[in-house]
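The next block is run18.csv, given as CSV, C-alpha atoms.
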chain,number,residue,atom,x,y,z
A,1,MET,CA,0.0,0.0,0.0
A,2,ASP,CA,1.5,3.3,-1.1
A,3,VAL,CA,0.6,6.3,1.1
A,4,PRO,CA,1.5,9.8,0.0
A,5,LEU,CA,4.0,11.5,2.2
A,6,TRP,CA,1.7,14.5,2.7
A,7,LEU,CA,-1.1,12.3,4.0
A,8,ALA,CA,1.2,10.4,6.4
A,9,LEU,CA,2.6,13.7,7.7
A,10,ILE,CA,-1.0,15.1,8.3
A,11,VAL,CA,-2.0,11.9,10.1
A,12,VAL,CA,1.1,11.8,12.3
A,13,GLY,CA,0.9,15.5,13.0
A,14,ALA,CA,-2.8,15.3,14.0
A,15,LEU,CA,-2.2,12.3,16.3
A,16,GLY,CA,0.8,14.1,17.9
A,17,ILE,CA,-1.2,17.2,18.5
A,18,LYS,CA,-4.1,15.3,19.9
A,19,LEU,CA,-2.1,13.0,22.2
A,20,ILE,CA,0.8,15.3,23.3
A,21,ARG,CA,-1.2,18.6,23.3
A,22,PRO,CA,1.7,21.0,22.7
A,23,PRO,CA,0.9,24.7,22.8
A,24,TRP,CA,-0.2,26.1,19.4
A,25,TRP,CA,2.6,28.6,19.3
A,26,LEU,CA,5.2,25.8,19.5
A,27,VAL,CA,3.5,24.0,16.6
A,28,ALA,CA,3.6,27.2,14.6
A,29,VAL,CA,7.3,27.9,15.4
A,30,ILE,CA,8.3,24.3,14.4
A,31,LEU,CA,6.3,24.6,11.1
A,32,LEU,CA,7.7,28.0,10.3
A,33,GLY,CA,11.3,26.9,11.2
A,34,GLY,CA,11.1,23.8,9.1
A,35,PHE,CA,9.7,25.9,6.2
A,36,LEU,CA,12.5,28.4,6.5
A,37,LEU,CA,15.3,25.8,6.9
A,38,ALA,CA,14.0,24.0,3.7
A,39,ASP,CA,14.7,27.1,1.7
A,40,SER,CA,18.1,28.0,3.3
A,41,LEU,CA,21.7,27.3,2.5
A,42,LEU,CA,21.6,24.5,5.1
A,43,ALA,CA,19.1,22.5,3.1
A,44,PRO,CA,21.6,20.3,1.3
A,45,VAL,CA,23.5,19.6,4.5
A,46,ILE,CA,20.3,18.6,6.3
A,47,GLY,CA,19.2,16.5,3.3
A,48,THR,CA,22.4,14.5,3.2
A,49,ALA,CA,22.3,14.0,7.0
A,50,ILE,CA,18.7,12.7,6.9
A,51,SER,CA,19.2,10.5,3.8
A,52,LYS,CA,22.0,8.4,5.4

Just give me the structure of the file as structure tokens.
Amino acid sequence: MDVPLWLALIVVGALGIKLIRPPWWLVAVILLGGFLLADSLLAPVIGTAISK
């Protein structure tokens, strides 16, 4: 069964928010930080570190 990555991320994120109940500002900071890091000069370094 092939599940799209975006669907898996939404499900895992929803379960994490429901079970752990972090503050909404922390969720927003993590999402914004990830978005900004993905478009930075560090993106290739992070990509190679994750893919190993």

**Item:** Computed interatomic separation between CA of Ile10 (chain A) and CA of Ser51 (chain A) (Å)
**Value:**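 It comes out at 21.2 Å.
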
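The space between CA of Ile30 (chain A) and CA of Ala8 (chain A) spans 17.5 Å.
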
From the list A:Ile46, A:Gly16, A:Arg21, A:Asp2, the nearest residue to Gly34 (chain A) using all atoms listed in the file is A:Ile46

Emit as lines of an AutoDock Vina configuration file the padded axis-aligned box for all listed atoms of region 12-20 of chain A, 6 Å per side, with centre and edge lengths in Å to one decimal.
center_x = -1.5
center_y = 14.5
center_z = 17.8
size_x = 17.2
size_y = 17.4
size_z = 23.0

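Take CA of Asp39 (chain A) and CA of Pro22 (chain A): the distance between them is 25.4 Å.
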
Could you add N, CA and C atoms to region 14-47 of chain A and give me the result as a PDB file, in the coordinates of the input?
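Saved result, part.pdb, follows:
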ATOM      1  N   ALA A  14      -1.529  15.204  13.278  1.00  0.00           N
ATOM      2  CA  ALA A  14      -2.800  15.300  14.000  1.00  0.00           C
ATOM      3  C   ALA A  14      -2.793  14.419  15.241  1.00  0.00           C
ATOM      4  N   LEU A  15      -2.245  13.203  15.121  1.00  0.00           N
ATOM      5  CA  LEU A  15      -2.200  12.300  16.300  1.00  0.00           C
ATOM      6  C   LEU A  15      -1.232  12.916  17.356  1.00  0.00           C
ATOM      7  N   GLY A  16      -0.116  13.489  16.917  1.00  0.00           N
ATOM      8  CA  GLY A  16       0.800  14.100  17.900  1.00  0.00           C
ATOM      9  C   GLY A  16       0.198  15.262  18.606  1.00  0.00           C
ATOM     10  N   ILE A  17      -0.526  16.097  17.886  1.00  0.00           N
ATOM     11  CA  ILE A  17      -1.200  17.200  18.500  1.00  0.00           C
ATOM     12  C   ILE A  17      -2.276  16.775  19.474  1.00  0.00           C
ATOM     13  N   LYS A  18      -3.015  15.744  19.072  1.00  0.00           N
ATOM     14  CA  LYS A  18      -4.100  15.300  19.900  1.00  0.00           C
ATOM     15  C   LYS A  18      -3.601  14.552  21.165  1.00  0.00           C
ATOM     16  N   LEU A  19      -2.530  13.771  21.027  1.00  0.00           N
ATOM     17  CA  LEU A  19      -2.100  13.000  22.200  1.00  0.00           C
ATOM     18  C   LEU A  19      -1.126  13.773  23.095  1.00  0.00           C
ATOM     19  N   ILE A  20      -0.212  14.563  22.529  1.00  0.00           N
ATOM     20  CA  ILE A  20       0.800  15.300  23.300  1.00  0.00           C
ATOM     21  C   ILE A  20       0.262  16.625  23.798  1.00  0.00           C
ATOM     22  N   ARG A  21      -0.581  17.240  23.005  1.00  0.00           N
ATOM     23  CA  ARG A  21      -1.200  18.600  23.300  1.00  0.00           C
ATOM     24  C   ARG A  21      -0.130  19.647  23.533  1.00  0.00           C
ATOM     25  N   PRO A  22       0.764  19.891  22.543  1.00  0.00           N
ATOM     26  CA  PRO A  22       1.700  21.000  22.700  1.00  0.00           C
ATOM     27  C   PRO A  22       0.977  22.327  22.510  1.00  0.00           C
ATOM     28  N   PRO A  23       1.553  23.410  23.006  1.00  0.00           N
ATOM     29  CA  PRO A  23       0.900  24.700  22.800  1.00  0.00           C
ATOM     30  C   PRO A  23       0.948  25.059  21.279  1.00  0.00           C
ATOM     31  N   TRP A  24      -0.070  25.771  20.821  1.00  0.00           N
ATOM     32  CA  TRP A  24      -0.200  26.100  19.400  1.00  0.00           C
ATOM     33  C   TRP A  24       0.956  26.944  18.896  1.00  0.00           C
ATOM     34  N   TRP A  25       1.513  27.810  19.764  1.00  0.00           N
ATOM     35  CA  TRP A  25       2.600  28.600  19.300  1.00  0.00           C
ATOM     36  C   TRP A  25       3.847  27.790  19.037  1.00  0.00           C
ATOM     37  N   LEU A  26       4.033  26.693  19.776  1.00  0.00           N
ATOM     38  CA  LEU A  26       5.200  25.800  19.500  1.00  0.00           C
ATOM     39  C   LEU A  26       5.003  25.074  18.191  1.00  0.00           C
ATOM     40  N   VAL A  27       3.802  24.658  17.889  1.00  0.00           N
ATOM     41  CA  VAL A  27       3.500  24.000  16.600  1.00  0.00           C
ATOM     42  C   VAL A  27       3.814  24.992  15.462  1.00  0.00           C
ATOM     43  N   ALA A  28       3.375  26.237  15.615  1.00  0.00           N
ATOM     44  CA  ALA A  28       3.600  27.200  14.600  1.00  0.00           C
ATOM     45  C   ALA A  28       5.091  27.533  14.403  1.00  0.00           C
ATOM     46  N   VAL A  29       5.847  27.604  15.498  1.00  0.00           N
ATOM     47  CA  VAL A  29       7.300  27.900  15.400  1.00  0.00           C
ATOM     48  C   VAL A  29       8.007  26.714  14.725  1.00  0.00           C
ATOM     49  N   ILE A  30       7.646  25.484  15.040  1.00  0.00           N
ATOM     50  CA  ILE A  30       8.300  24.300  14.400  1.00  0.00           C
ATOM     51  C   ILE A  30       7.962  24.294  12.909  1.00  0.00           C
ATOM     52  N   LEU A  31       6.711  24.548  12.541  1.00  0.00           N
ATOM     53  CA  LEU A  31       6.300  24.600  11.100  1.00  0.00           C
ATOM     54  C   LEU A  31       7.052  25.669  10.363  1.00  0.00           C
ATOM     55  N   LEU A  32       7.070  26.855  10.932  1.00  0.00           N
ATOM     56  CA  LEU A  32       7.700  28.000  10.300  1.00  0.00           C
ATOM     57  C   LEU A  32       9.235  27.760  10.195  1.00  0.00           C
ATOM     58  N   GLY A  33       9.820  27.233  11.259  1.00  0.00           N
ATOM     59  CA  GLY A  33      11.300  26.900  11.200  1.00  0.00           C
ATOM     60  C   GLY A  33      11.621  25.909  10.202  1.00  0.00           C
ATOM     61  N   GLY A  34      10.834  24.863  10.072  1.00  0.00           N
ATOM     62  CA  GLY A  34      11.100  23.800   9.100  1.00  0.00           C
ATOM     63  C   GLY A  34      10.934  24.405   7.646  1.00  0.00           C
ATOM     64  N   PHE A  35       9.947  25.257   7.463  1.00  0.00           N
ATOM     65  CA  PHE A  35       9.700  25.900   6.200  1.00  0.00           C
ATOM     66  C   PHE A  35      10.931  26.776   5.795  1.00  0.00           C
ATOM     67  N   LEU A  36      11.413  27.543   6.751  1.00  0.00           N
ATOM     68  CA  LEU A  36      12.500  28.400   6.500  1.00  0.00           C
ATOM     69  C   LEU A  36      13.838  27.667   6.289  1.00  0.00           C
ATOM     70  N   LEU A  37      14.043  26.588   7.036  1.00  0.00           N
ATOM     71  CA  LEU A  37      15.300  25.800   6.900  1.00  0.00           C
ATOM     72  C   LEU A  37      15.269  25.069   5.513  1.00  0.00           C
ATOM     73  N   ALA A  38      14.107  24.684   5.008  1.00  0.00           N
ATOM     74  CA  ALA A  38      14.000  24.000   3.700  1.00  0.00           C
ATOM     75  C   ALA A  38      14.465  24.875   2.584  1.00  0.00           C
ATOM     76  N   ASP A  39      14.376  26.171   2.750  1.00  0.00           N
ATOM     77  CA  ASP A  39      14.700  27.100   1.700  1.00  0.00           C
ATOM     78  C   ASP A  39      16.044  27.828   1.972  1.00  0.00           C
ATOM     79  N   SER A  40      16.830  27.325   2.933  1.00  0.00           N
ATOM     80  CA  SER A  40      18.100  28.000   3.300  1.00  0.00           C
ATOM     81  C   SER A  40      19.272  27.336   2.681  1.00  0.00           C
ATOM     82  N   LEU A  41      20.437  27.875   2.998  1.00  0.00           N
ATOM     83  CA  LEU A  41      21.700  27.300   2.500  1.00  0.00           C
ATOM     84  C   LEU A  41      21.995  25.974   3.218  1.00  0.00           C
ATOM     85  N   LEU A  42      21.374  25.731   4.353  1.00  0.00           N
ATOM     86  CA  LEU A  42      21.600  24.500   5.100  1.00  0.00           C
ATOM     87  C   LEU A  42      20.814  23.311   4.574  1.00  0.00           C
ATOM     88  N   ALA A  43      19.918  23.537   3.639  1.00  0.00           N
ATOM     89  CA  ALA A  43      19.100  22.500   3.100  1.00  0.00           C
ATOM     90  C   ALA A  43      19.837  21.284   2.580  1.00  0.00           C
ATOM     91  N   PRO A  44      20.875  21.488   1.752  1.00  0.00           N
ATOM     92  CA  PRO A  44      21.600  20.300   1.300  1.00  0.00           C
ATOM     93  C   PRO A  44      22.316  19.532   2.391  1.00  0.00           C
ATOM     94  N   VAL A  45      22.821  20.232   3.389  1.00  0.00           N
ATOM     95  CA  VAL A  45      23.500  19.600   4.500  1.00  0.00           C
ATOM     96  C   VAL A  45      22.476  18.737   5.300  1.00  0.00           C
ATOM     97  N   ILE A  46      21.323  19.306   5.554  1.00  0.00           N
ATOM     98  CA  ILE A  46      20.300  18.600   6.300  1.00  0.00           C
ATOM     99  C   ILE A  46      19.781  17.408   5.474  1.00  0.00           C
ATOM    100  N   GLY A  47      19.633  17.596   4.180  1.00  0.00           N
ATOM    101  CA  GLY A  47      19.200  16.500   3.300  1.00  0.00           C
ATOM    102  C   GLY A  47      20.108  15.334   3.280  1.00  0.00           C
TER     103      GLY A  47
END
